[in-house]
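Text of run_3.cif (mmCIF, C-alpha atoms and all ligand atoms) as supplied:
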```
data_work
loop_
_atom_site.label_atom_id
_atom_site.label_comp_id
_atom_site.auth_asym_id
_atom_site.auth_seq_id
_atom_site.Cartn_x
_atom_site.Cartn_y
_atom_site.Cartn_z
CA MET B 1 -161.41 83.37 -23.73
CA SER B 2 -159.62 80.15 -24.54
CA GLY B 3 -156.52 78.26 -23.45
CA ARG B 4 -154.56 75.17 -24.41
CA ALA B 5 -155.19 71.64 -23.18
CA LEU B 6 -153.37 68.37 -23.67
CA VAL B 7 -156.15 66.01 -24.72
CA CYS B 8 -156.51 62.24 -24.76
CA ALA B 9 -159.09 61.88 -27.56
CA ARG B 10 -158.71 58.07 -27.68
CA LEU B 11 -157.03 55.65 -25.26
CA GLY B 12 -153.47 54.80 -26.20
CA GLY B 13 -149.87 55.87 -25.70
CA PRO B 14 -148.36 59.31 -25.05
CA GLU B 15 -147.92 59.85 -28.80
CA ASP B 16 -151.71 59.71 -29.26
CA LEU B 17 -152.25 62.85 -27.15
CA GLU B 18 -153.19 66.08 -28.93
CA LEU B 19 -152.88 69.77 -28.05
CA ALA B 20 -156.21 71.59 -28.43
CA ASP B 21 -157.69 75.04 -27.82
CA VAL B 22 -160.48 74.88 -25.26
CA ALA B 23 -162.81 77.52 -23.85
CA THR B 24 -161.75 78.91 -20.46
CA PRO B 25 -164.33 77.60 -17.98
CA SER B 26 -166.56 79.71 -15.69
CA PRO B 27 -166.94 78.62 -12.07
CA GLY B 28 -170.30 77.40 -10.77
CA PRO B 29 -171.28 77.52 -7.08
CA GLY B 30 -168.47 76.13 -4.89
CA GLU B 31 -166.02 76.03 -7.81
CA VAL B 32 -162.88 77.97 -8.73
CA VAL B 33 -160.89 78.48 -11.91
CA VAL B 34 -157.11 78.25 -11.55
CA ALA B 35 -154.64 79.61 -14.13
CA VAL B 36 -152.18 76.72 -14.03
CA SER B 37 -148.45 77.45 -14.18
CA HIS B 38 -147.01 73.96 -13.54
CA VAL B 39 -148.42 70.44 -13.91
CA GLY B 40 -146.75 67.54 -12.10
CA LEU B 41 -146.68 64.31 -14.12
CA ASN B 42 -146.87 60.87 -12.55
CA PHE B 43 -146.45 57.32 -13.79
CA HIS B 44 -150.18 56.67 -13.31
CA ASP B 45 -150.94 59.31 -16.01
CA THR B 46 -149.44 56.85 -18.52
CA LEU B 47 -151.82 54.14 -17.27
CA ILE B 48 -154.90 56.40 -17.30
CA ILE B 49 -154.39 57.45 -20.96
CA ALA B 50 -153.94 53.76 -21.86
CA GLY B 51 -157.13 52.76 -20.04
CA THR B 52 -155.24 50.34 -17.75
CA HIS B 53 -155.59 52.22 -14.43
CA VAL B 54 -158.34 51.76 -11.87
CA VAL B 55 -159.38 55.35 -12.78
CA ARG B 56 -160.94 55.04 -16.28
CA PRO B 57 -162.34 58.31 -17.68
CA GLU B 58 -164.09 58.30 -21.04
CA PRO B 59 -162.18 60.26 -23.72
CA PRO B 60 -161.87 63.08 -24.42
CA PHE B 61 -160.10 64.14 -21.24
CA SER B 62 -156.81 65.75 -20.23
CA PRO B 63 -154.18 63.75 -18.33
CA GLY B 64 -152.29 65.24 -15.38
CA SER B 65 -153.28 64.81 -11.74
CA GLU B 66 -151.57 67.69 -9.92
CA TYR B 67 -151.04 71.37 -10.60
CA ALA B 68 -150.04 74.66 -9.05
CA GLY B 69 -151.19 78.11 -10.16
CA THR B 70 -153.23 81.19 -9.30
CA VAL B 71 -156.97 81.46 -8.67
CA VAL B 72 -158.53 83.68 -11.35
CA ALA B 73 -162.26 83.29 -10.66
CA VAL B 74 -164.44 81.96 -7.85
CA GLY B 75 -168.07 80.81 -7.95
CA ALA B 76 -170.93 81.71 -5.63
CA GLY B 77 -170.39 80.76 -2.00
CA VAL B 78 -166.61 80.34 -2.18
CA THR B 79 -164.90 81.99 0.79
CA SER B 80 -161.82 79.78 1.33
CA VAL B 81 -159.84 81.33 -1.56
CA ARG B 82 -160.09 84.41 -3.74
CA PRO B 83 -158.67 85.61 -7.07
CA GLY B 84 -154.91 86.12 -6.78
CA ASP B 85 -154.36 83.30 -4.24
CA ARG B 86 -151.65 80.82 -5.15
CA VAL B 87 -152.95 77.28 -4.83
CA ALA B 88 -152.11 73.67 -5.64
CA GLY B 89 -154.32 70.65 -5.95
CA ASN B 90 -154.73 67.14 -7.21
CA GLU B 91 -157.46 65.58 -9.30
CA GLU B 92 -157.67 62.09 -10.75
CA TYR B 93 -156.93 63.56 -14.22
CA GLY B 94 -157.66 66.73 -16.20
CA CYS B 95 -154.87 69.07 -15.03
CA ALA B 96 -152.63 69.35 -18.12
CA ARG B 97 -154.22 72.56 -19.40
CA ASP B 98 -153.77 76.31 -19.04
CA ALA B 99 -156.83 76.64 -16.77
CA VAL B 100 -158.64 74.11 -14.59
CA LEU B 101 -162.14 74.25 -13.10
CA VAL B 102 -162.09 72.55 -9.69
CA ARG B 103 -164.06 72.38 -6.47
CA ALA B 104 -162.90 75.04 -4.00
CA ASP B 105 -162.62 72.46 -1.20
CA ARG B 106 -160.05 70.51 -3.25
CA VAL B 107 -157.46 73.29 -3.50
CA THR B 108 -154.77 74.06 -0.93
CA LYS B 109 -153.21 77.50 -0.52
CA VAL B 110 -149.48 77.43 -1.25
CA PRO B 111 -147.44 79.29 1.40
CA GLY B 112 -145.51 82.31 0.11
CA HIS B 113 -142.11 80.71 0.56
CA VAL B 114 -142.99 77.66 -1.58
CA THR B 115 -142.86 78.20 -5.36
CA ASP B 116 -145.44 76.85 -7.83
CA ARG B 117 -142.71 74.67 -9.32
CA GLN B 118 -141.97 73.15 -5.91
CA ALA B 119 -145.64 72.69 -5.07
CA ALA B 120 -146.40 70.89 -8.36
CA ALA B 121 -143.33 68.70 -7.90
CA ILE B 122 -144.04 67.58 -4.35
CA LEU B 123 -147.81 67.39 -3.86
CA VAL B 124 -148.67 63.85 -5.05
CA ALA B 125 -145.29 62.17 -4.56
CA TYR B 126 -144.56 63.54 -1.08
CA SER B 127 -148.15 63.21 0.15
CA THR B 128 -148.19 59.59 -1.00
CA ALA B 129 -144.85 58.86 0.65
CA TYR B 130 -145.86 60.64 3.87
CA HIS B 131 -149.26 58.89 4.09
CA ALA B 132 -147.62 55.51 3.40
CA LEU B 133 -144.79 55.91 5.91
CA VAL B 134 -146.67 57.73 8.68
CA GLN B 135 -150.30 56.57 8.58
CA ARG B 136 -149.90 53.12 6.97
CA ALA B 137 -146.49 51.91 8.21
CA GLY B 138 -146.14 53.86 11.46
CA LEU B 139 -142.43 54.29 10.63
CA ARG B 140 -140.43 55.18 13.76
CA ALA B 141 -137.13 57.03 14.07
CA GLY B 142 -134.25 54.57 14.13
CA GLU B 143 -136.06 51.94 12.03
CA THR B 144 -134.67 50.77 8.72
CA LEU B 145 -136.61 51.72 5.59
CA ALA B 146 -135.86 50.04 2.23
CA VAL B 147 -137.19 51.95 -0.79
CA LEU B 148 -137.50 50.29 -4.20
CA GLY B 149 -137.70 52.42 -7.38
CA ALA B 150 -135.85 55.02 -5.31
CA ALA B 151 -134.84 57.17 -8.30
CA GLY B 152 -138.46 57.68 -9.39
CA GLY B 153 -141.10 60.19 -8.28
CA VAL B 154 -142.71 58.54 -5.24
CA GLY B 155 -139.57 56.49 -4.54
CA SER B 156 -137.29 59.51 -4.19
CA ALA B 157 -139.95 61.23 -2.05
CA ALA B 158 -140.07 58.18 0.24
CA VAL B 159 -136.28 58.35 0.65
CA ASP B 160 -136.52 62.03 1.59
CA VAL B 161 -139.51 61.66 3.95
CA GLY B 162 -138.03 58.54 5.57
CA ASN B 163 -134.81 60.41 6.23
CA LEU B 164 -136.70 63.41 7.68
CA LEU B 165 -138.62 61.03 9.97
CA GLY B 166 -135.32 59.71 11.33
CA ALA B 167 -135.19 56.31 9.63
CA ARG B 168 -132.06 54.67 8.25
CA VAL B 169 -132.86 54.64 4.54
CA ILE B 170 -131.52 52.09 2.09
CA ALA B 171 -132.41 52.89 -1.50
CA GLY B 172 -132.76 50.41 -4.36
CA ALA B 173 -133.03 50.94 -8.11
CA SER B 174 -132.51 48.96 -11.30
CA THR B 175 -128.96 50.23 -11.91
CA PRO B 176 -126.16 51.34 -9.55
CA GLU B 177 -126.28 54.85 -11.11
CA ARG B 178 -130.00 55.26 -10.46
CA ALA B 179 -129.58 53.91 -6.93
CA GLU B 180 -126.67 56.29 -6.25
CA SER B 181 -128.86 59.26 -7.28
CA ALA B 182 -131.02 58.49 -4.22
CA ARG B 183 -128.15 59.70 -2.02
CA LEU B 184 -129.14 63.22 -3.15
CA HIS B 185 -132.44 62.65 -1.33
CA GLY B 186 -130.76 61.43 1.85
CA ALA B 187 -130.29 57.67 1.32
CA HIS B 188 -127.72 56.23 3.72
CA GLU B 189 -127.00 53.08 1.68
CA THR B 190 -127.88 52.01 -1.86
CA PHE B 191 -128.28 48.77 -3.78
CA SER B 192 -129.28 47.79 -7.31
CA TYR B 193 -131.48 44.94 -8.51
CA GLY B 194 -130.54 44.59 -12.18
CA ASP B 195 -131.20 40.93 -11.47
CA ALA B 196 -134.67 41.24 -9.88
CA GLY B 197 -134.06 38.26 -7.56
CA SER B 198 -131.11 40.03 -5.91
CA ALA B 199 -133.26 42.51 -3.93
CA LYS B 200 -133.66 40.14 -0.96
CA ALA B 201 -129.93 39.43 -0.67
CA ALA B 202 -129.00 43.11 -1.00
CA ILE B 203 -131.43 44.27 1.70
CA LYS B 204 -130.40 41.43 4.03
CA GLU B 205 -126.73 42.27 3.54
CA LEU B 206 -127.28 45.97 4.28
CA THR B 207 -129.25 45.14 7.43
CA GLY B 208 -126.84 42.59 8.91
CA GLY B 209 -129.27 39.79 8.06
CA ALA B 210 -132.19 41.29 10.01
CA GLY B 211 -134.14 42.66 7.04
CA ALA B 212 -135.84 46.07 6.73
CA ASP B 213 -138.50 47.20 9.21
CA VAL B 214 -140.42 48.85 6.36
CA VAL B 215 -140.20 48.20 2.61
CA PHE B 216 -141.71 50.86 0.29
CA ASP B 217 -142.50 49.26 -3.07
CA PRO B 218 -143.75 51.22 -6.12
CA VAL B 219 -142.14 48.69 -8.55
CA GLY B 220 -143.91 45.33 -8.02
CA GLY B 221 -143.20 42.30 -10.21
CA ALA B 222 -140.21 40.05 -9.62
CA VAL B 223 -138.39 42.72 -7.57
CA ALA B 224 -141.28 42.68 -5.07
CA GLU B 225 -141.36 38.87 -4.89
CA SER B 226 -137.71 38.98 -3.84
CA ALA B 227 -137.84 42.06 -1.56
CA VAL B 228 -140.83 40.82 0.46
CA ARG B 229 -138.55 38.06 1.77
CA ALA B 230 -136.27 40.72 3.27
CA VAL B 231 -138.83 42.19 5.69
CA ALA B 232 -137.68 42.13 9.32
CA TRP B 233 -139.56 40.48 12.18
CA GLY B 234 -142.60 42.68 12.86
CA GLY B 235 -141.99 44.57 9.60
CA ARG B 236 -144.40 46.28 7.18
CA TYR B 237 -144.32 45.80 3.41
CA LEU B 238 -145.98 48.79 1.71
CA VAL B 239 -147.73 47.99 -1.59
CA ILE B 240 -147.51 51.29 -3.50
CA GLY B 241 -147.68 50.30 -7.17
CA PHE B 242 -146.58 48.09 -10.00
CA ALA B 243 -144.49 50.30 -12.30
CA SER B 244 -142.68 47.23 -13.66
CA GLY B 245 -146.03 46.02 -15.00
CA GLY B 246 -146.26 42.84 -12.94
CA ILE B 247 -148.54 42.26 -9.94
CA PRO B 248 -146.41 40.16 -7.60
CA ARG B 249 -147.59 36.88 -6.08
CA VAL B 250 -146.61 36.51 -2.46
CA GLY B 251 -147.16 33.41 -0.35
CA LEU B 252 -148.97 34.17 2.91
CA ASN B 253 -146.40 32.03 4.72
CA ILE B 254 -144.00 35.00 4.45
CA PRO B 255 -145.93 37.48 6.65
CA LEU B 256 -146.73 34.57 8.99
CA VAL B 257 -143.14 33.51 9.69
CA LYS B 258 -142.00 37.13 10.03
CA GLY B 259 -144.87 38.36 12.18
CA ALA B 260 -145.08 40.99 9.44
CA SER B 261 -147.83 42.91 7.61
CA VAL B 262 -148.42 43.49 3.92
CA VAL B 263 -150.03 46.93 3.86
CA GLY B 264 -151.96 48.41 0.93
CA VAL B 265 -151.63 52.12 0.23
CA PHE B 266 -154.25 53.99 -1.85
CA TRP B 267 -153.43 57.66 -1.34
CA GLY B 268 -156.15 59.05 -3.64
CA GLU B 269 -158.88 57.20 -1.74
CA PHE B 270 -157.35 58.32 1.60
CA VAL B 271 -157.58 61.97 0.41
CA ARG B 272 -161.23 61.46 -0.61
CA ARG B 273 -162.14 59.87 2.73
CA ASP B 274 -160.14 62.07 5.10
CA ARG B 275 -159.44 65.47 3.56
CA ALA B 276 -158.56 66.98 6.96
CA ALA B 277 -155.83 64.41 7.62
CA HIS B 278 -154.47 64.96 4.10
CA GLU B 279 -154.36 68.73 4.69
CA ARG B 280 -152.40 68.15 7.94
CA ASN B 281 -149.91 65.93 6.09
CA LEU B 282 -149.52 68.54 3.35
CA ARG B 283 -148.97 71.32 5.88
CA GLU B 284 -146.01 69.47 7.37
CA ILE B 285 -144.60 68.79 3.89
CA PHE B 286 -144.97 72.46 2.89
CA ASP B 287 -143.34 73.45 6.22
CA TRP B 288 -140.36 71.23 5.37
CA ALA B 289 -140.22 72.79 1.88
CA ALA B 290 -140.41 76.33 3.30
CA ALA B 291 -137.59 75.54 5.74
CA GLY B 292 -135.43 74.28 2.86
CA ARG B 293 -135.40 70.77 4.28
CA LEU B 294 -136.79 68.89 1.24
CA ARG B 295 -134.32 67.37 -1.17
CA HIS B 296 -136.70 66.86 -4.07
CA HIS B 297 -135.34 66.74 -7.58
CA VAL B 298 -136.99 68.14 -10.70
CA HIS B 299 -135.87 66.02 -13.63
CA ASP B 300 -137.08 68.54 -16.21
CA VAL B 301 -139.71 71.20 -16.90
CA LEU B 302 -141.11 70.93 -20.44
CA PRO B 303 -143.64 73.16 -22.22
CA LEU B 304 -147.22 71.85 -22.40
CA ASP B 305 -146.88 70.93 -26.07
CA GLN B 306 -144.07 68.52 -25.11
CA GLY B 307 -146.50 66.51 -22.97
CA PRO B 308 -146.33 63.40 -25.19
CA ARG B 309 -142.52 63.35 -24.97
CA ALA B 310 -142.66 63.81 -21.18
CA LEU B 311 -145.15 60.98 -20.68
CA ARG B 312 -143.07 58.73 -22.95
CA GLU B 313 -140.05 59.30 -20.68
CA LEU B 314 -142.17 58.37 -17.65
CA ALA B 315 -143.64 55.29 -19.34
CA ASP B 316 -140.14 54.09 -20.19
CA GLY B 317 -138.82 54.59 -16.62
CA ARG B 318 -136.24 57.19 -17.67
CA VAL B 319 -137.20 59.93 -15.19
CA ARG B 320 -135.29 60.71 -12.01
CA GLY B 321 -137.42 62.57 -9.49
CA LYS B 322 -140.25 64.64 -10.99
CA LEU B 323 -141.11 65.73 -14.50
CA LEU B 324 -143.21 68.92 -14.84
CA LEU B 325 -145.06 70.68 -17.63
CA ARG B 326 -145.03 74.49 -17.79
CA THR B 327 -148.43 75.86 -18.73
CA GLY B 328 -149.66 79.38 -19.46
CA GLY B 329 -150.44 80.79 -16.00
CA PRO B 330 -148.11 83.22 -14.19
CA ALA B 331 -145.59 81.32 -12.02
CA GLY B 332 -145.45 82.29 -8.38
N1 LIG B 401 -150.61 53.66 -4.06
C1 LIG B 401 -150.72 54.94 -4.28
O1 LIG B 401 -151.49 55.65 -3.64
C2 LIG B 401 -149.85 55.56 -5.32
C3 LIG B 401 -149.68 56.96 -5.42
C4 LIG B 401 -148.80 57.48 -6.40
C5 LIG B 401 -148.15 56.58 -7.27
N2 LIG B 401 -148.39 55.23 -7.17
C6 LIG B 401 -147.73 54.26 -8.05
O2 LIG B 401 -146.34 54.27 -7.79
C7 LIG B 401 -145.65 53.83 -8.97
C8 LIG B 401 -144.51 54.79 -9.27
O3 LIG B 401 -145.05 56.05 -9.66
P1 LIG B 401 -144.07 57.27 -10.01
O4 LIG B 401 -144.94 58.38 -10.47
O5 LIG B 401 -143.09 57.46 -8.93
O6 LIG B 401 -143.31 56.68 -11.29
P2 LIG B 401 -141.79 56.88 -11.79
O7 LIG B 401 -141.28 58.21 -11.38
O8 LIG B 401 -141.80 56.52 -13.22
O9 LIG B 401 -141.02 55.78 -10.97
C9 LIG B 401 -141.29 54.40 -11.16
C10 LIG B 401 -140.03 53.60 -10.87
O10 LIG B 401 -140.33 52.22 -11.13
C11 LIG B 401 -139.21 51.58 -11.70
N3 LIG B 401 -139.57 50.73 -12.84
C12 LIG B 401 -139.29 49.44 -12.95
N4 LIG B 401 -139.75 48.93 -14.08
C13 LIG B 401 -140.33 49.94 -14.74
C14 LIG B 401 -140.99 50.02 -16.00
N5 LIG B 401 -141.14 48.95 -16.79
N6 LIG B 401 -141.47 51.22 -16.39
C15 LIG B 401 -141.35 52.30 -15.58
N7 LIG B 401 -140.73 52.26 -14.36
C16 LIG B 401 -140.23 51.09 -13.95
C17 LIG B 401 -138.24 52.68 -12.13
O11 LIG B 401 -137.08 52.57 -11.32
P3 LIG B 401 -135.95 51.48 -11.55
O12 LIG B 401 -135.95 51.20 -13.03
O13 LIG B 401 -134.72 52.09 -11.08
O14 LIG B 401 -136.44 50.30 -10.76
C18 LIG B 401 -138.90 54.01 -11.79
O15 LIG B 401 -138.03 54.88 -11.14
C19 LIG B 401 -146.70 53.73 -10.07
O16 LIG B 401 -147.09 52.38 -10.22
C20 LIG B 401 -147.85 54.57 -9.54
O17 LIG B 401 -149.09 54.15 -10.09
C21 LIG B 401 -149.21 54.73 -6.22
#
```
Spit out the file's structure as C-alpha cells when you get a sec.
Amino acid sequence: MSGRALVCARLGGPEDLELADVATPSPGPGEVVVAVSHVGLNFHDTLIIAGTHVVRPEPPFSPGSEYAGTVVAVGAGVTSVRPGDRVAGNEEYGCARDAVLVRADRVTKVPGHVTDRQAAAILVAYSTAYHALVQRAGLRAGETLAVLGAAGGVGSAAVDVGNLLGARVIAGASTPERAESARLHGAHETFSYGDAGSAKAAIKELTGGAGADVVFDPVGGAVAESAVRAVAWGGRYLVIGFASGGIPRVGLNIPLVKGASVVGVFWGEFVRRDRAAHERNLREIFDWAAAGRLRHHVHDVLPLDQGPRALRELADGRVRGKLLLRTGGPAG
C-alpha cells in the first residue's frame, strides 16, 4: 500500500516542495499509523523547510506539524487507542501526508463532538495560546491582554482564549482590516501598527495610559520594540515568535522600571517535558470546542497537492486564522 506525501527534498521555499508516493508504514511496538484527513499548517513550517528554524531535520522530510485522522493500525503493546479511533497529534514535522507513523503516547483522542477539521485547526495554535496565557503569564480575569499579529494563527487563538479567560482583549495587526477581523474571535478593541513604532501609543491609548497587563507577541521586530514599552506595572510580555523576521532588542531598563517580566514561551518543549499538563490544557480546549464556545476561523482548506501554494500564503503573511490541507483519510 502507498499514499501521498508532501516532501521537502532540499531546503528552500514552498515552491521547492514535491508531491511523492510513499509506502504506507507499519507500526512497531508502541507505535500507531493514522490515516490523516486534515493537516494544520503553521508559520514555523515555512521556517523548517528553509532550514532557519531551531528544528532542523535533514531532507528528505515532510513539513506539517499537526494532524487529525483515524487510527488504522497499532503496534505491539498499544492499549491507549485502537483502529477506528479518531485522534489528533502534533510532531515537529512530517505530518503532511496521507498516513503518519507516530508514537501512541503522542496522540490524543478527539471527542465525538469535535470534527477532524476543528481538531487540526486548533491543536497547535490554541494549545500554544493557552499555555502562554495560563501557565506562562498567569492571566487573570479582568486583566488587559494586548495581542499582536491578532489575525494570524496563534494570534487569533490568543484573542479567543484571552476572551474565554475573562480578559479585556485588545487586538493589533498590520492593517485596520486585519485588526478588525480579530473582533470575530472576541476582541473588545482593535488597533493597527502599519507604522511599527505606533504599537506603544495605540496600546497606551486603549488602556487609558496604564499599558497592557499581558502582551502576546508572535510578530517580533520593530513592532515588539515599540509594544514592550506599553506593558503595565507588574505586566508580562510574552515572547511567542518573530514572524516579521526580526529578533527585537529590548533594553533591560524597561522591565526594571515597570516591575514587569519578559517571559519566553516554547510550547513544543513544554509538551515534551510535561505531557500530562499539555493533555489537561487540550482537554479544556476540546471542551470549549465541543460546547461551541471557540471562535476559531479556518482561512481555507486546500488539497494536499496545493501545499506549496498554502505555505507561500503563510510565508507572505496573507492568512487569517488557520490554513489546512485535506489529505486522503476519511474525515470524522
Ligand atoms: N513560541 C512557541 O511555542 C510558538 C508556537 C507556535 C507558533 N510560534 C510562532 O508564532 C509566530 C506566528 O505563527 P502563526 O502560525 O500564527 O503564523 P501566521 O498565522 O502566519 O501569523 C503570523 C502573523 O505575523 C504577522 N507578520 C508580520 N510580519 C510578517 C511577515 N513578514 N511574514 C509573515 N507574517 C508576518 C502577520 O500579521 P500582521 O501582518 O497583521 O502583523 C501574521 O498574522 C511564528 O513566528 C511561529 O514560529 C511560536
Practice problem: Using only C-alpha atoms, find the one residue out of B:Leu184, B:Ala315, B:Val262, B:Leu302 that sits nearest to Ser244 in chain B. | Solution: B:Ala315
Quiz item: Nearest to ligand LIG 401 (chain B): which of B:Val78, B:Val102, B:Ile48, B:Val161 is it, counting only C-alpha atoms and all ligand atoms?
Solution: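 Ranking B:Val78, B:Val102, B:Ile48, B:Val161 by distance to ligand LIG 401 (chain B), first place goes to B:Ile48.
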Quiz prompt | Site check for ligand LIG 401 (chain B): residues at most 7 Å away, all atoms listed in the file, as a PyMOL selection string | solution = chain B and resi 42-44+124-125+128+148-155+173-175+178-179+218-219+239-245+265-268+314-317+319-322
Which residues of range 126-235 of chain B sit at most 8 Å from range 285-295 of chain B, using only C-alpha atoms? Give each one's shortest atom pair and distance in Å (one decimal place), in chain and ascending residue order, as JSON lines.
```
{"residue": "B:Tyr126", "atom": "CA", "partner": "B:Ile285", "partner_atom": "CA", "distance": 7.2}
{"residue": "B:Ser127", "atom": "CA", "partner": "B:Ile285", "partner_atom": "CA", "distance": 7.6}
{"residue": "B:Asp160", "atom": "CA", "partner": "B:Arg295", "partner_atom": "CA", "distance": 6.4}
{"residue": "B:Leu184", "atom": "CA", "partner": "B:Arg295", "partner_atom": "CA", "distance": 6.9}
{"residue": "B:His185", "atom": "CA", "partner": "B:Arg295", "partner_atom": "CA", "distance": 5.1}
{"residue": "B:Gly186", "atom": "CA", "partner": "B:Arg295", "partner_atom": "CA", "distance": 7.6}
```
Exercise. Please determine the residues with any atom at most 6 Å from (-134.0, 41.8, 3.9) (coordinates as given in the file, with all atoms listed in the file counting) and report them as a VMD selection string.
Key: chain B and resid 200 203 to 204 211 to 212 230 to 231
Would you output that residue set with C-alpha atoms, as a JSON list (two decimals), in the coordinates of the input?
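Output (selection-v1.json):
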```json
[["chain", "number", "residue", "atom", "x", "y", "z"],
["B", 200, "LYS", "CA", -133.66, 40.14, -0.96],
["B", 203, "ILE", "CA", -131.43, 44.27, 1.70],
["B", 204, "LYS", "CA", -130.40, 41.43, 4.03],
["B", 211, "GLY", "CA", -134.14, 42.66, 7.04],
["B", 212, "ALA", "CA", -135.84, 46.07, 6.73],
["B", 230, "ALA", "CA", -136.27, 40.72, 3.27],
["B", 231, "VAL", "CA", -138.83, 42.19, 5.69]]
```
Practice problem: Measure the distance from CA of Ala199 in chain B to CA of Ala260 in chain B in Å and round it to one decimal. | Solution: 17.9 Å
Quiz item: CA of Arg10 in chain B and CA of Val271 in chain B, how far apart in Å?
Solution: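 That distance, rounded to one decimal, is 28.4 Å.
If you measure from each of B:Leu47, B:Leu41, B:Val110, B:Ala201 to Gly69 in chain B using all atoms listed in the file, the closest one turns out to be B:Val110.
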Exercise. Could you tell me how far CA of Gly142 in chain B lies from CA of Asp213 in chain B, in Å and to one decimal?
Key: 9.8 Å
Exercise. Name all residues at most 6 Å from range 15-27 of chain B (count all atoms listed in the file; drop same-chain ones fewer than 2 positions away) and give them as a list in words.
Key: Met1, Ser2, Gly3, Arg4, Ala5, Leu6, Val7, Cys8, Gly13, Glu31, Val32, Val74, Gly75 and Pro308 of chain B
Quiz item: Near Ile247 in chain B, within 10 Å and counting only C-alpha atoms, which residues show up once chain neighbours fewer than 6 positions away are dropped, as a PyMOL selection string?
Solution: chain B and resi 219-222+224-225+241
Exercise. For Pro303 in chain B, work out the shell of residues within 8 Å, counting all atoms listed in the file and skipping chain neighbours fewer than 5 positions away, then give it as a ChimeraX atom specification.
Key: /B:325-327
Practice problem: Find the spatial neighbours of Ala202 in chain B, counting only C-alpha atoms, within a cut-off of 10 Å - ignore same-chain residues fewer than 6 positions away - and output them as an MDAnalysis selection string. | Solution: chainID B and resid 170 172 190:193 209 211 227 230
Kindly write range 66-79 of chain B with N, CA and C atoms to a file, as a compact mmCIF listing (two decimals), in the first residue's frame.
```txt
# COMPACT_ATOMS: atom_id res chain seq x y z
N GLU B 66 0.91 19.27 12.63
CA GLU B 66 -0.29 18.83 13.37
C GLU B 66 -1.27 18.19 12.38
N TYR B 67 -2.01 17.23 12.89
CA TYR B 67 -2.91 16.48 12.01
C TYR B 67 -4.09 15.97 12.82
N ALA B 68 -5.13 15.58 12.11
CA ALA B 68 -6.23 14.83 12.72
C ALA B 68 -6.60 13.72 11.74
N GLY B 69 -7.07 12.59 12.26
CA GLY B 69 -7.42 11.48 11.39
C GLY B 69 -7.89 10.28 12.20
N THR B 70 -7.78 9.10 11.59
CA THR B 70 -8.30 7.89 12.21
C THR B 70 -7.19 6.85 12.31
N VAL B 71 -7.07 6.22 13.47
CA VAL B 71 -6.07 5.17 13.66
C VAL B 71 -6.44 3.99 12.76
N VAL B 72 -5.44 3.50 11.97
CA VAL B 72 -5.72 2.35 11.11
C VAL B 72 -4.92 1.11 11.50
N ALA B 73 -3.86 1.29 12.29
CA ALA B 73 -3.08 0.12 12.73
C ALA B 73 -2.35 0.48 14.02
N VAL B 74 -2.23 -0.50 14.92
CA VAL B 74 -1.49 -0.26 16.16
C VAL B 74 -0.42 -1.33 16.32
N GLY B 75 0.72 -0.96 16.90
CA GLY B 75 1.81 -1.90 17.12
C GLY B 75 1.65 -2.64 18.43
N ALA B 76 2.57 -3.58 18.66
CA ALA B 76 2.53 -4.39 19.88
C ALA B 76 2.56 -3.50 21.12
N GLY B 77 1.74 -3.85 22.09
CA GLY B 77 1.76 -3.16 23.38
C GLY B 77 0.92 -1.90 23.45
N VAL B 78 0.28 -1.52 22.34
CA VAL B 78 -0.52 -0.28 22.37
C VAL B 78 -1.93 -0.60 22.87
N THR B 79 -2.30 0.05 23.98
CA THR B 79 -3.64 -0.17 24.54
C THR B 79 -4.44 1.13 24.63
```
